[in-house]
Amino acid sequence: MSTTPINVSPYLESEKWIARLTLILGAVAAIPVGRFYGPSWGVGILVGAILAWFNFRWLRQGLDALTAAATAQANLRNPQVPIVTYFKALFRYGLIALAVYVIFKYLNVPILSMILGLCALGAATLAVSVYEILHPQE
């Protein structure tokens with residue numbers, strides 16, 4: 001096992017760009033979708049992108065907690081993951097599902113538009129990944 005410290009700053013920058021691009025892509029996509037398919041579809045795209053952004057933030061917090069627990073228990077043969085970490089992961093998806101349901105049911109926003117808005121996170125991740133491949137940092 002290597003004890004050489006890893007420079008994580010490029011990875012943190014990539015995470016910041018993924019978070020920013022998720023919101024930017026969602027907002028940019030919501031405008032023409034709202035124009036051509038109606039305002040409720042544009043709102044759905046935007047709401048989905050915002051939920052994707054929250055999902056990314058919560059996922060990052062969960063992974064940071066797992067990393068901290070693993071680092072603290074590095075010398076143990078069987079490290080233990082706090083049960084709260086599992087609860088937060090399930091809670092995250094449940095909260096997103098609840099938000100989508102409430103918005104769909106009470107605000108009459110098409111569910112497909114929110115699902116497409118959730119894809120903004122994937123698009124942002126893909127864009128940052130391609131950028132990192134084309135512009136590697138030494």
# chains A, B, ... in the order shown; residues from 1 in each chain; ligands from 1
>>> residues_around(residues="A:Ile115", least_positions_apart="5", cutoff="10 Å", atoms="only C-alpha atoms", output="PyMOL selection string")
chain A and resi 44-45+47-49+51-52+100+110+120
>>> write_last_selection(atoms="all heavy atoms", output="short mmCIF file (atom, residue, chain, number, x, y, z; two decimals), in the first residue's frame")
data_model
loop_
_atom_site.label_atom_id
_atom_site.label_comp_id
_atom_site.auth_asym_id
_atom_site.auth_seq_id
_atom_site.Cartn_x
_atom_site.Cartn_y
_atom_site.Cartn_z
N GLY A 44 -40.50 21.37 -15.83
CA GLY A 44 -40.13 20.00 -15.50
C GLY A 44 -38.66 19.72 -15.74
O GLY A 44 -38.00 19.08 -14.92
N ILE A 45 -38.14 20.20 -16.85
CA ILE A 45 -36.71 20.03 -17.14
C ILE A 45 -35.88 20.73 -16.07
O ILE A 45 -34.91 20.16 -15.54
CB ILE A 45 -36.37 20.59 -18.54
CG1 ILE A 45 -37.07 19.80 -19.64
CG2 ILE A 45 -34.86 20.66 -18.76
CD1 ILE A 45 -36.48 18.45 -19.95
N VAL A 47 -36.78 21.61 -12.97
CA VAL A 47 -36.95 20.95 -11.68
C VAL A 47 -36.12 19.66 -11.64
O VAL A 47 -35.46 19.36 -10.64
CB VAL A 47 -38.44 20.65 -11.40
CG1 VAL A 47 -38.62 19.67 -10.28
CG2 VAL A 47 -39.17 21.95 -11.10
N GLY A 48 -36.13 18.90 -12.72
CA GLY A 48 -35.33 17.67 -12.78
C GLY A 48 -33.84 17.96 -12.64
O GLY A 48 -33.13 17.24 -11.94
N ALA A 49 -33.37 19.02 -13.28
CA ALA A 49 -31.96 19.38 -13.18
C ALA A 49 -31.60 19.81 -11.75
O ALA A 49 -30.53 19.46 -11.24
CB ALA A 49 -31.63 20.50 -14.16
N LEU A 51 -33.13 18.79 -9.02
CA LEU A 51 -33.12 17.56 -8.22
C LEU A 51 -31.86 16.75 -8.49
O LEU A 51 -31.30 16.14 -7.57
CB LEU A 51 -34.37 16.73 -8.51
CG LEU A 51 -35.68 17.28 -7.98
CD1 LEU A 51 -36.85 16.45 -8.48
CD2 LEU A 51 -35.67 17.34 -6.46
N ALA A 52 -31.39 16.73 -9.73
CA ALA A 52 -30.14 16.04 -10.06
C ALA A 52 -28.97 16.70 -9.34
O ALA A 52 -28.06 16.02 -8.85
CB ALA A 52 -29.91 16.04 -11.56
N VAL A 100 -40.58 14.40 -6.93
CA VAL A 100 -41.10 14.21 -8.28
C VAL A 100 -42.59 13.90 -8.23
O VAL A 100 -43.38 14.46 -9.00
CB VAL A 100 -40.32 13.09 -9.01
CG1 VAL A 100 -41.03 12.67 -10.29
CG2 VAL A 100 -38.90 13.55 -9.33
N PRO A 110 -45.31 17.48 -16.28
CA PRO A 110 -45.14 16.14 -16.85
C PRO A 110 -43.95 15.40 -16.23
O PRO A 110 -42.86 15.96 -16.11
CB PRO A 110 -44.90 16.40 -18.34
CG PRO A 110 -45.45 17.76 -18.59
CD PRO A 110 -45.29 18.52 -17.31
N ALA A 120 -29.62 15.74 -16.75
CA ALA A 120 -28.64 16.82 -16.84
C ALA A 120 -27.37 16.46 -16.08
O ALA A 120 -26.26 16.84 -16.49
CB ALA A 120 -29.22 18.12 -16.29
#
>>> residues_around(residues="A:Ile24", least_positions_apart="3", cutoff="10 Å", atoms="only C-alpha atoms", output="MDAnalysis selection string")
chainID A and resid 18:21 27:30 46 49:50 120 124
>>> write_last_selection(atoms="N, CA, C and O atoms", output="compact mmCIF listing (two decimals), in the first residue's frame")
# COMPACT_ATOMS: atom_id res chain seq x y z
N ILE A 18 -18.96 19.72 -12.57
CA ILE A 18 -20.12 18.86 -12.78
C ILE A 18 -21.36 19.47 -12.13
O ILE A 18 -22.44 19.51 -12.73
N ALA A 19 -21.20 19.97 -10.90
CA ALA A 19 -22.34 20.59 -10.21
C ALA A 19 -22.83 21.82 -10.96
O ALA A 19 -24.05 21.99 -11.16
N ARG A 20 -21.91 22.66 -11.41
CA ARG A 20 -22.30 23.88 -12.14
C ARG A 20 -22.99 23.53 -13.46
O ARG A 20 -24.03 24.10 -13.81
N LEU A 21 -22.36 22.62 -14.22
CA LEU A 21 -22.90 22.27 -15.53
C LEU A 21 -24.26 21.60 -15.43
O LEU A 21 -25.08 21.72 -16.35
N ALA A 27 -30.94 24.58 -17.13
CA ALA A 27 -31.55 25.88 -17.43
C ALA A 27 -31.54 26.15 -18.93
O ALA A 27 -32.54 26.64 -19.49
N VAL A 28 -30.43 25.83 -19.59
CA VAL A 28 -30.34 26.07 -21.03
C VAL A 28 -31.31 25.17 -21.79
O VAL A 28 -31.92 25.61 -22.77
N ALA A 29 -31.49 23.94 -21.35
CA ALA A 29 -32.43 23.04 -22.02
C ALA A 29 -33.88 23.43 -21.73
O ALA A 29 -34.76 23.23 -22.58
N ALA A 30 -34.13 23.97 -20.55
CA ALA A 30 -35.51 24.31 -20.17
C ALA A 30 -36.09 25.42 -21.05
O ALA A 30 -37.29 25.42 -21.31
N LEU A 46 -36.26 21.95 -15.74
CA LEU A 46 -35.51 22.71 -14.73
C LEU A 46 -35.60 22.06 -13.36
O LEU A 46 -34.58 21.93 -12.65
N ALA A 49 -33.37 19.02 -13.28
CA ALA A 49 -31.96 19.38 -13.18
C ALA A 49 -31.60 19.81 -11.75
O ALA A 49 -30.53 19.46 -11.24
N ILE A 50 -32.50 20.53 -11.11
CA ILE A 50 -32.25 20.95 -9.73
C ILE A 50 -32.22 19.73 -8.81
O ILE A 50 -31.36 19.62 -7.93
N ALA A 120 -29.62 15.74 -16.75
CA ALA A 120 -28.64 16.82 -16.84
C ALA A 120 -27.37 16.46 -16.08
O ALA A 120 -26.26 16.84 -16.49
N ALA A 124 -23.75 16.50 -17.77
CA ALA A 124 -22.67 17.31 -17.20
C ALA A 124 -21.45 16.44 -16.89
O ALA A 124 -20.31 16.83 -17.16
>>> atom_distance(atom1="atom CA of A:Gly117", atom2="atom CA of A:Trp53")
10.2 Å
>>> closest_residue(among="A:Leu126, A:Leu134, A:Leu12, A:Leu59", to="A:Phe91", atoms="only C-alpha atoms")
A:Leu59
>>> closest_residue(among="A:Ala123, A:Val102, A:Val109, A:Val130", to="A:Tyr37", atoms="only C-alpha atoms")
A:Val109
>>> select_by_dssp(residues="stretch 3-138 of chain A", states="helix (DSSP H, G or I)", output="MDAnalysis selection string")
chainID A and resid 9:37 39:72 83:107 111:118 120:134
>>> residues_around(residues="stretch 60-75 of chain A", least_positions_apart="3", cutoff="10 Å", atoms="only C-alpha atoms", output="short mmCIF file (atom, residue, chain, number, x, y, z; two decimals) with all heavy atoms, in the first residue's frame")
data_model
loop_
_atom_site.label_atom_id
_atom_site.label_comp_id
_atom_site.auth_asym_id
_atom_site.auth_seq_id
_atom_site.Cartn_x
_atom_site.Cartn_y
_atom_site.Cartn_z
N GLU A 15 -15.46 18.08 -9.79
CA GLU A 15 -16.74 17.98 -9.09
C GLU A 15 -17.50 19.30 -9.12
O GLU A 15 -18.71 19.32 -9.31
CB GLU A 15 -16.52 17.53 -7.65
CG GLU A 15 -16.16 16.09 -7.49
CD GLU A 15 -15.92 15.70 -6.05
OE1 GLU A 15 -16.06 16.56 -5.16
OE2 GLU A 15 -15.59 14.53 -5.82
N PHE A 54 -29.13 18.36 -6.45
CA PHE A 54 -29.22 17.95 -5.05
C PHE A 54 -28.72 16.52 -4.88
O PHE A 54 -28.00 16.21 -3.93
CB PHE A 54 -30.66 18.05 -4.53
CG PHE A 54 -31.04 19.42 -4.06
CD1 PHE A 54 -32.05 20.12 -4.68
CD2 PHE A 54 -30.39 19.99 -2.98
CE1 PHE A 54 -32.40 21.39 -4.24
CE2 PHE A 54 -30.74 21.26 -2.53
CZ PHE A 54 -31.75 21.96 -3.17
N ASN A 55 -29.10 15.64 -5.78
CA ASN A 55 -28.67 14.25 -5.71
C ASN A 55 -27.14 14.17 -5.76
O ASN A 55 -26.53 13.43 -4.99
CB ASN A 55 -29.27 13.44 -6.85
CG ASN A 55 -28.89 11.99 -6.78
OD1 ASN A 55 -28.81 11.40 -5.71
ND2 ASN A 55 -28.66 11.40 -7.94
N PHE A 56 -26.52 14.94 -6.64
CA PHE A 56 -25.05 14.94 -6.75
C PHE A 56 -24.41 15.44 -5.46
O PHE A 56 -23.44 14.86 -4.98
CB PHE A 56 -24.63 15.81 -7.94
CG PHE A 56 -23.15 15.86 -8.14
CD1 PHE A 56 -22.46 14.75 -8.60
CD2 PHE A 56 -22.43 17.02 -7.86
CE1 PHE A 56 -21.09 14.78 -8.78
CE2 PHE A 56 -21.07 17.06 -8.04
CZ PHE A 56 -20.39 15.95 -8.51
N ARG A 57 -24.95 16.50 -4.91
CA ARG A 57 -24.40 17.05 -3.65
C ARG A 57 -24.50 16.03 -2.52
O ARG A 57 -23.56 15.84 -1.76
CB ARG A 57 -25.14 18.33 -3.26
CG ARG A 57 -25.07 19.45 -4.27
CD ARG A 57 -23.74 20.10 -4.32
NE ARG A 57 -23.51 20.73 -3.03
CZ ARG A 57 -22.48 21.48 -2.76
NH1 ARG A 57 -21.58 21.70 -3.67
NH2 ARG A 57 -22.33 22.01 -1.58
N ASN A 78 -11.64 -5.49 9.80
CA ASN A 78 -13.01 -5.38 9.28
C ASN A 78 -13.59 -4.02 9.63
O ASN A 78 -14.27 -3.86 10.63
CB ASN A 78 -13.91 -6.48 9.87
CG ASN A 78 -13.52 -7.86 9.40
OD1 ASN A 78 -13.14 -8.02 8.26
ND2 ASN A 78 -13.58 -8.82 10.29
N PRO A 79 -13.36 -3.01 8.78
CA PRO A 79 -13.90 -1.68 9.08
C PRO A 79 -15.43 -1.68 9.04
O PRO A 79 -16.04 -2.42 8.28
CB PRO A 79 -13.33 -0.79 7.99
CG PRO A 79 -12.83 -1.70 6.94
CD PRO A 79 -12.62 -3.05 7.54
N GLN A 80 -16.03 -0.86 9.87
CA GLN A 80 -17.48 -0.76 9.98
C GLN A 80 -17.96 0.54 9.34
O GLN A 80 -17.40 1.60 9.60
CB GLN A 80 -17.90 -0.78 11.46
CG GLN A 80 -17.48 -2.03 12.19
CD GLN A 80 -18.22 -3.26 11.69
OE1 GLN A 80 -19.40 -3.19 11.41
NE2 GLN A 80 -17.52 -4.37 11.56
N VAL A 81 -18.99 0.42 8.53
CA VAL A 81 -19.61 1.61 7.93
C VAL A 81 -20.78 2.01 8.82
O VAL A 81 -21.62 1.17 9.15
CB VAL A 81 -20.10 1.30 6.50
CG1 VAL A 81 -20.82 2.50 5.91
CG2 VAL A 81 -18.94 0.87 5.63
N PRO A 82 -20.85 3.27 9.22
CA PRO A 82 -21.97 3.70 10.07
C PRO A 82 -23.31 3.46 9.37
O PRO A 82 -23.46 3.71 8.18
CB PRO A 82 -21.71 5.19 10.27
CG PRO A 82 -20.29 5.41 9.93
CD PRO A 82 -19.91 4.35 8.96
N VAL A 84 -25.93 5.08 9.59
CA VAL A 84 -26.50 6.36 9.13
C VAL A 84 -26.17 6.60 7.66
O VAL A 84 -26.97 7.16 6.92
CB VAL A 84 -25.99 7.52 10.02
CG1 VAL A 84 -26.42 8.86 9.50
CG2 VAL A 84 -26.43 7.32 11.45
N THR A 85 -25.00 6.13 7.23
CA THR A 85 -24.60 6.31 5.83
C THR A 85 -25.56 5.58 4.90
O THR A 85 -25.95 6.12 3.86
CB THR A 85 -23.16 5.79 5.63
OG1 THR A 85 -22.30 6.43 6.58
CG2 THR A 85 -22.67 6.06 4.24
N TYR A 86 -25.94 4.37 5.26
CA TYR A 86 -26.91 3.62 4.44
C TYR A 86 -28.27 4.31 4.45
O TYR A 86 -28.94 4.39 3.42
CB TYR A 86 -27.07 2.19 4.97
CG TYR A 86 -25.83 1.36 4.82
CD1 TYR A 86 -25.16 0.89 5.94
CD2 TYR A 86 -25.31 1.05 3.57
CE1 TYR A 86 -24.01 0.12 5.82
CE2 TYR A 86 -24.17 0.28 3.44
CZ TYR A 86 -23.53 -0.18 4.57
OH TYR A 86 -22.41 -0.93 4.43
N LYS A 88 -28.92 7.50 4.86
CA LYS A 88 -28.86 8.71 4.05
C LYS A 88 -28.95 8.39 2.56
O LYS A 88 -29.57 9.13 1.80
CB LYS A 88 -27.59 9.50 4.35
CG LYS A 88 -27.65 10.25 5.64
CD LYS A 88 -26.38 11.06 5.84
CE LYS A 88 -26.40 11.85 7.12
NZ LYS A 88 -25.15 12.61 7.31
N ALA A 89 -28.31 7.29 2.14
CA ALA A 89 -28.36 6.92 0.72
C ALA A 89 -29.80 6.58 0.31
O ALA A 89 -30.27 7.03 -0.74
CB ALA A 89 -27.44 5.74 0.46
N ARG A 92 -32.02 9.73 0.35
CA ARG A 92 -31.78 10.62 -0.79
C ARG A 92 -32.69 10.24 -1.95
O ARG A 92 -33.36 11.09 -2.53
CB ARG A 92 -30.30 10.53 -1.19
CG ARG A 92 -29.94 11.41 -2.35
CD ARG A 92 -28.46 11.31 -2.69
NE ARG A 92 -28.23 10.12 -3.48
CZ ARG A 92 -27.33 9.18 -3.20
NH1 ARG A 92 -26.58 9.29 -2.14
NH2 ARG A 92 -27.17 8.15 -3.97
#
>>> atom_distance(atom1="atom CA of A:Tyr93", atom2="atom CA of A:Lys105")
18.1 Å
>>> atom_distance(atom1="atom CA of A:Pro10", atom2="atom CA of A:Gly26")
24.2 Å
>>> residues_around(residues="A:Tyr11", least_positions_apart="6", cutoff="12 Å", atoms="only C-alpha atoms", output="PyMOL selection string")
chain A and resi 17-18+60+128-129+132+136-137
>>> write_last_selection(atoms="N, CA, C and O atoms", output="mmCIF file, in the first residue's frame")
data_model
loop_
_atom_site.group_PDB
_atom_site.id
_atom_site.type_symbol
_atom_site.label_atom_id
_atom_site.label_comp_id
_atom_site.auth_asym_id
_atom_site.auth_seq_id
_atom_site.Cartn_x
_atom_site.Cartn_y
_atom_site.Cartn_z
ATOM 1 N N TRP A 17 -17.267 21.599 -11.405
ATOM 2 C CA TRP A 17 -17.751 21.820 -12.760
ATOM 3 C C TRP A 17 -18.953 20.952 -13.075
ATOM 4 O O TRP A 17 -19.881 21.388 -13.760
ATOM 5 N N ILE A 18 -18.960 19.722 -12.569
ATOM 6 C CA ILE A 18 -20.121 18.856 -12.781
ATOM 7 C C ILE A 18 -21.357 19.472 -12.135
ATOM 8 O O ILE A 18 -22.441 19.510 -12.732
ATOM 9 N N ARG A 60 -22.095 13.145 -3.008
ATOM 10 C CA ARG A 60 -20.740 13.551 -2.623
ATOM 11 C C ARG A 60 -20.576 13.536 -1.104
ATOM 12 O O ARG A 60 -19.557 13.079 -0.584
ATOM 13 N N VAL A 128 -17.757 16.978 -18.640
ATOM 14 C CA VAL A 128 -16.526 17.196 -17.856
ATOM 15 C C VAL A 128 -15.538 16.064 -18.109
ATOM 16 O O VAL A 128 -14.329 16.303 -18.223
ATOM 17 N N SER A 129 -16.021 14.842 -18.229
ATOM 18 C CA SER A 129 -15.135 13.710 -18.497
ATOM 19 C C SER A 129 -14.444 13.849 -19.847
ATOM 20 O O SER A 129 -13.236 13.616 -19.955
ATOM 21 N N GLU A 132 -11.811 16.464 -19.565
ATOM 22 C CA GLU A 132 -10.632 15.972 -18.846
ATOM 23 C C GLU A 132 -9.795 15.047 -19.720
ATOM 24 O O GLU A 132 -8.570 15.028 -19.607
ATOM 25 N N PRO A 136 -5.735 16.694 -20.462
ATOM 26 C CA PRO A 136 -5.239 16.059 -19.231
ATOM 27 C C PRO A 136 -4.343 17.006 -18.437
ATOM 28 O O PRO A 136 -3.610 17.807 -19.013
ATOM 29 N N GLN A 137 -4.444 16.869 -17.113
ATOM 30 C CA GLN A 137 -3.588 17.674 -16.245
ATOM 31 C C GLN A 137 -2.410 16.822 -15.817
ATOM 32 O O GLN A 137 -2.558 15.673 -15.445
#
>>> decode(residues="stretch 54-130 of chain A", atoms="C-alpha atoms", output="compact mmCIF listing (two decimals), in the first residue's frame")
# COMPACT_ATOMS: atom_id res chain seq x y z
CA PHE A 54 -29.22 17.95 -5.05
CA ASN A 55 -28.67 14.25 -5.71
CA PHE A 56 -25.05 14.94 -6.75
CA ARG A 57 -24.40 17.05 -3.65
CA TRP A 58 -25.86 14.40 -1.34
CA LEU A 59 -23.97 11.64 -3.12
CA ARG A 60 -20.74 13.55 -2.62
CA GLN A 61 -21.48 14.02 1.07
CA GLY A 62 -22.16 10.29 1.44
CA LEU A 63 -18.93 9.36 -0.29
CA ASP A 64 -17.02 11.84 1.86
CA ALA A 65 -18.50 10.18 4.97
CA LEU A 66 -17.52 6.73 3.69
CA THR A 67 -14.00 7.94 2.94
CA ALA A 68 -13.66 9.49 6.38
CA ALA A 69 -14.87 6.27 8.04
CA ALA A 70 -12.51 4.15 5.97
CA THR A 71 -9.57 6.42 6.70
CA ALA A 72 -10.30 6.45 10.42
CA GLN A 73 -10.46 2.65 10.45
CA ALA A 74 -7.53 2.03 8.08
CA ASN A 75 -5.71 -0.28 10.50
CA LEU A 76 -8.74 -2.43 11.37
CA ARG A 77 -9.21 -5.80 9.72
CA ASN A 78 -13.01 -5.38 9.28
CA PRO A 79 -13.90 -1.68 9.08
CA GLN A 80 -17.48 -0.76 9.98
CA VAL A 81 -19.61 1.61 7.93
CA PRO A 82 -21.97 3.70 10.07
CA ILE A 83 -25.61 2.68 9.59
CA VAL A 84 -26.50 6.36 9.13
CA THR A 85 -24.60 6.31 5.83
CA TYR A 86 -26.91 3.62 4.44
CA PHE A 87 -29.97 5.49 5.72
CA LYS A 88 -28.86 8.71 4.05
CA ALA A 89 -28.36 6.92 0.72
CA LEU A 90 -31.88 5.45 0.81
CA PHE A 91 -33.34 8.70 2.11
CA ARG A 92 -31.78 10.62 -0.79
CA TYR A 93 -33.57 8.53 -3.41
CA GLY A 94 -36.79 8.51 -1.44
CA LEU A 95 -36.76 12.28 -1.11
CA ILE A 96 -36.18 12.75 -4.84
CA ALA A 97 -38.99 10.30 -5.65
CA LEU A 98 -41.31 12.12 -3.24
CA ALA A 99 -40.45 15.50 -4.75
CA VAL A 100 -41.10 14.21 -8.28
CA TYR A 101 -44.42 12.70 -7.19
CA VAL A 102 -45.63 15.86 -5.43
CA ILE A 103 -44.64 18.11 -8.31
CA PHE A 104 -46.27 15.74 -10.82
CA LYS A 105 -49.45 15.26 -8.81
CA TYR A 106 -50.13 18.77 -7.52
CA LEU A 107 -48.41 21.10 -10.00
CA ASN A 108 -49.27 19.04 -13.11
CA VAL A 109 -45.72 19.05 -14.43
CA PRO A 110 -45.14 16.14 -16.85
CA ILE A 111 -43.15 13.39 -15.18
CA LEU A 112 -41.19 12.67 -18.36
CA SER A 113 -39.89 16.23 -18.40
CA MET A 114 -38.59 15.85 -14.83
CA ILE A 115 -36.95 12.54 -15.69
CA LEU A 116 -35.27 14.17 -18.69
CA GLY A 117 -34.14 17.01 -16.42
CA LEU A 118 -32.56 14.46 -14.10
CA CYS A 119 -30.40 13.45 -17.07
CA ALA A 120 -28.64 16.82 -16.84
CA LEU A 121 -26.31 15.28 -14.25
CA GLY A 122 -25.29 12.56 -16.69
CA ALA A 123 -24.78 15.09 -19.47
CA ALA A 124 -22.67 17.31 -17.20
CA THR A 125 -20.59 14.36 -16.04
CA LEU A 126 -20.04 13.28 -19.64
CA ALA A 127 -19.04 16.81 -20.70
CA VAL A 128 -16.53 17.20 -17.86
CA SER A 129 -15.13 13.71 -18.50
CA VAL A 130 -14.59 14.42 -22.19
